[in-house]
Amino acid sequence: MLGLQVQIPPGRLRRCLSTRRFLRIAALFFCFAASHLPAQGANHVNSSTPAVQTLQSNQDSRPNDAQPRSPTQAETDQYRLSRERYQKAVSYSRAGYFLYFISYFVSVAILLLILRLGIAAKFRDIAEAISDKKWAQCLIFVPLLILLTDLFDLPLRIYWHALSLRYQQSIQHWGSWLVDWAKEEALSVGLAVLLVFILTLAMRKSPRRWWFYFWLAALPILLFFFFISPWFIDPLFNHFEPLAKGHPQLVESIVTITYRAGVPIPRNRMFLMKASEKTNQINAYVTGIGASKRVVIWDTTIQKTSTDEALFILGHELGHYVLGHIAAGFLFFAVSLLLALYVMYRALHWSLQRWGHEWKIQGPEDWAAIAVLLLWLEVLSFISSPIVNGFSRMQEHAADVYGLEVIHGLVPNSEEVAAHGFQVLGELDLSDPNPPPFITFWLYSHPPLAERLVFAHSYDPWSKGEPPKYVK
C-alpha cells in the first residue's frame, strides 16, 4: 500500500487495535502480503532543509472538497501544511502513538489479570464440564477467551473511532461501525478456533515439536485466507463495483501501466471501492494472488486526486508485485513465525514451571495455557515491531522508486505529479510532519511522508544520464 494514512498510528493503529491479539503474528503476514493494509511510516529529512513548511494562514491549503489541482514546482519541493492543518496533524498523530503503546500495555495487563484471577482456568472448567470432546471444548473455550479480551479492548477502539470522527478522517456512523466490529469478531473468533484446534492437536501428538508442526499447518491456512480475501472477506466491509462501469478512461490508463509493469491485469479485475461511505482518506491497492489478483481504487482517490496522481499510487502498488515483495514478505513472515513459535514453546514451559500452580494450569496441553501463549505472543509482537517495520520501510521505499519509474514518460512531469500526490495525501490523512526518531524506528512501516515527497520531487536519473533502477 502507498501507506499515507499516517503510519502505524493512526492508519495502521486502527488495524492493530482491531486485529485480535491471538492473531497478532498472523497480522504480520498481512502487513507484508496484503499490500493494501493501512500504514505509513516515518523518518526525519535532513535537518538543514525543513521537511515541512507551515503556511501563515488559518485556512487549510487543501480542504477535503477541493478539486484536484495541477502540481507546480513551488508546491511540490517540500511538504507544506497550513498552520491549522499542521496543528491537527501533530495532535492526531501524537494521539495515535499514545494509543498504540497503551493498547499493548492494556492487552498484557488484561491477560495477566485473566491468568492471576484464574479466569482462564474457569473457562477451561466450563468447556470440559459441557463436553469431553476436544473439538467441542475448543468451540467453547476459545470464543470465551477471545471475546473477553476484546471486550476489554473495545473502549480503546471506541475512543479511536471517536477521535477519527473528530478529526474528520472517518465519517462512518456508529451503527455501521458496530456492525463492522461484530463482523471482525466473528471472523477473528472463527479463525482463532481453527488455529487453536490445530495447535492443541499438534501439542497432543508431539509435546516437544508442536511448534514446528503447527508452523507447517498454519502457513498454508494463512495463505489461503489471503487468497480468498478479495472474494469473501473484503466485500463484508466495503462495497465494490467494476471500475469500467463509471471510469472507462481510467481503466485504459491503468491497462497501459500494468502492461508496462509486466503484470497485466484484465479489465474485469479492476474495481472501485466505495470508501467515501466510511472515510475521507484516499488510497489504491493491488490485492490477491493468482486468480484472485485485482486492482482496487478508492472512489475518494478519484474524487480528490488527478488521474496522473492516481496512476502513481497504482504504480507504487504494482511495484510490490513486480519487485517480489509479496514472496519476500511471506518468506520473512514464515521465518519470523517459526522463531516466534519456538520462543513461545520455551517461554510457555518456563512460565508454567514458575506460575502454573498459581494460575491453576495443569500443563502445556491445558486449555488455559492458551492464555499464556497469547501473553507471550503480545510481548514478542511488541519487541519485534522495529524489525518488522524496518523491513517494511525498505520495501516501501523501493515501491516508491518503482512507481516513479513506471509512470515516467507516460505521465507528464511525473516527479512533480508524484510529489504533489504525496502532498494531497498528507493533507487529507493528517500525516505527521516531523515524527520523533524513536517513533519512526519503532512504529513506522513506511518512510515519512515528508521524506518521500522530497525524494519523489528530486528523483530524476534520466536527466543525469543514469539508468533507472527497476524500469529499464
# chains A, B, ... in the order shown; residues from 1 in each chain; ligands from 1
call {"tool": "select_by_dssp", "arguments": {"residues": "stretch 88-246 of chain A", "states": "strand (DSSP E or B)", "output": "MDAnalysis selection string"}}
result
chainID A and resid 170 240:242
call {"tool": "write_last_selection", "arguments": {"atoms": "all heavy atoms", "output": "compact mmCIF listing (two decimals), in the first residue's frame"}}
result
# COMPACT_ATOMS: atom_id res chain seq x y z
N SER A 170 -12.61 9.82 9.57
CA SER A 170 -13.69 8.86 9.36
C SER A 170 -15.02 9.60 9.33
O SER A 170 -15.19 10.61 10.00
CB SER A 170 -13.70 7.81 10.48
OG SER A 170 -14.83 6.95 10.36
N PHE A 240 -17.95 -2.87 -3.57
CA PHE A 240 -17.11 -2.83 -4.75
C PHE A 240 -17.98 -2.89 -6.00
O PHE A 240 -19.06 -3.50 -6.00
CB PHE A 240 -16.12 -4.00 -4.76
CG PHE A 240 -15.16 -4.00 -3.61
CD1 PHE A 240 -15.52 -4.54 -2.38
CD2 PHE A 240 -13.89 -3.46 -3.74
CE1 PHE A 240 -14.64 -4.55 -1.31
CE2 PHE A 240 -13.00 -3.47 -2.68
CZ PHE A 240 -13.38 -4.01 -1.47
N GLU A 241 -17.48 -2.27 -7.07
CA GLU A 241 -18.13 -2.37 -8.37
C GLU A 241 -17.07 -2.29 -9.46
O GLU A 241 -15.97 -1.77 -9.22
CB GLU A 241 -19.16 -1.26 -8.56
CG GLU A 241 -18.60 0.13 -8.64
CD GLU A 241 -19.66 1.19 -8.85
OE1 GLU A 241 -20.79 1.02 -8.33
OE2 GLU A 241 -19.36 2.19 -9.54
N PRO A 242 -17.35 -2.81 -10.66
CA PRO A 242 -16.35 -2.75 -11.73
C PRO A 242 -15.93 -1.32 -12.02
O PRO A 242 -16.78 -0.43 -12.15
CB PRO A 242 -17.08 -3.38 -12.92
CG PRO A 242 -18.11 -4.27 -12.30
CD PRO A 242 -18.56 -3.55 -11.06
call {"tool": "closest_atom_pairs", "arguments": {"of": "stretch 340-428 of chain A", "to": "stretch 128-135 of chain A", "cutoff": "12 Å", "atoms": "only C-alpha atoms", "output": "Markdown table"}}
result
| residue | atom | partner | partner_atom | distance |
| --- | --- | --- | --- | --- |
| A:Glu365 | CA | A:Lys134 | CA | 11.2 |
| A:Asp366 | CA | A:Glu128 | CA | 10.6 |
| A:Trp367 | CA | A:Glu128 | CA | 9.4 |
| A:Ala368 | CA | A:Glu128 | CA | 11.3 |
call {"tool": "residues_around", "arguments": {"residues": "A:Trp442", "least_positions_apart": "4", "cutoff": "7 Å", "atoms": "only C-alpha atoms", "output": "list of chain:residue names"}}
result
A:Ser385, A:Pro386, A:Phe438
call {"tool": "residues_around", "arguments": {"residues": "stretch 322-325 of chain A", "least_positions_apart": "4", "cutoff": "12 Å", "atoms": "only C-alpha atoms", "output": "number ranges by chain"}}
result
A: 1, 29, 31-35, 258-264, 286, 315-318, 329-333, 391-403, 406, 469-471
call {"tool": "closest_residue", "arguments": {"among": "A:Ser188, A:Asn268, A:Ser463, A:Ser276", "to": "A:Ala244", "atoms": "only C-alpha atoms"}}
result
A:Asn268
call {"tool": "residues_around", "arguments": {"residues": "A:Tyr345", "least_positions_apart": "4", "cutoff": "9 Å", "atoms": "only C-alpha atoms", "output": "list in words"}}
result
Arg208, Arg209, Trp210, Trp211, Ala340, Leu341, His349, Trp350, Pro364 and Leu373 of chain A
call {"tool": "select_by_dssp", "arguments": {"residues": "stretch 110-211 of chain A", "states": "helix (DSSP H, G or I)", "output": "MDAnalysis selection string"}}
result
chainID A and resid 110:116 119:130 134:166 174:205 210:211
call {"tool": "closest_residue", "arguments": {"among": "A:Phe226, A:Ala369, A:Thr307, A:Asp299", "to": "A:Thr287", "atoms": "only C-alpha atoms"}}
result
A:Phe226
call {"tool": "closest_residue", "arguments": {"among": "A:Pro230, A:Pro447, A:Pro435, A:Gly390", "to": "A:Val295", "atoms": "only C-alpha atoms"}}
result
A:Pro230
call {"tool": "closest_residue", "arguments": {"among": "A:Val255, A:Ile302, A:Ile146, A:Ile361", "to": "A:Asp125", "atoms": "only C-alpha atoms"}}
result
A:Ile361
call {"tool": "residues_around", "arguments": {"residues": "A:Val411", "least_positions_apart": "2", "cutoff": "12 Å", "atoms": "only C-alpha atoms", "output": "list in words"}}
result
Ser253, Ile254, Thr256, Ile257, Ser306, Thr307, Asp308, Glu309, Ala310, Leu311, Phe312, Gly315, Gly403, Leu404, Glu405, Val406, Ile407, His408, Gly409, Asn413, Ser414, Glu415, Glu416, Val417 and Ala418 of chain A
call {"tool": "atom_distance", "arguments": {"atom1": "atom CA of A:Met203", "atom2": "atom CA of A:Leu348"}}
result
12.1 Å
call {"tool": "closest_residue", "arguments": {"among": "A:Val388, A:Leu339, A:Tyr285, A:Leu250", "to": "A:Gly319", "atoms": "only C-alpha atoms"}}
result
A:Tyr285
call {"tool": "closest_residue", "arguments": {"among": "A:Lys464, A:Phe232, A:Gly421, A:Gly190", "to": "A:Leu314", "atoms": "only C-alpha atoms"}}
result
A:Gly421
call {"tool": "atom_distance", "arguments": {"atom1": "atom CA of A:Leu115", "atom2": "atom CA of A:Gln362"}}
result
12.8 Å
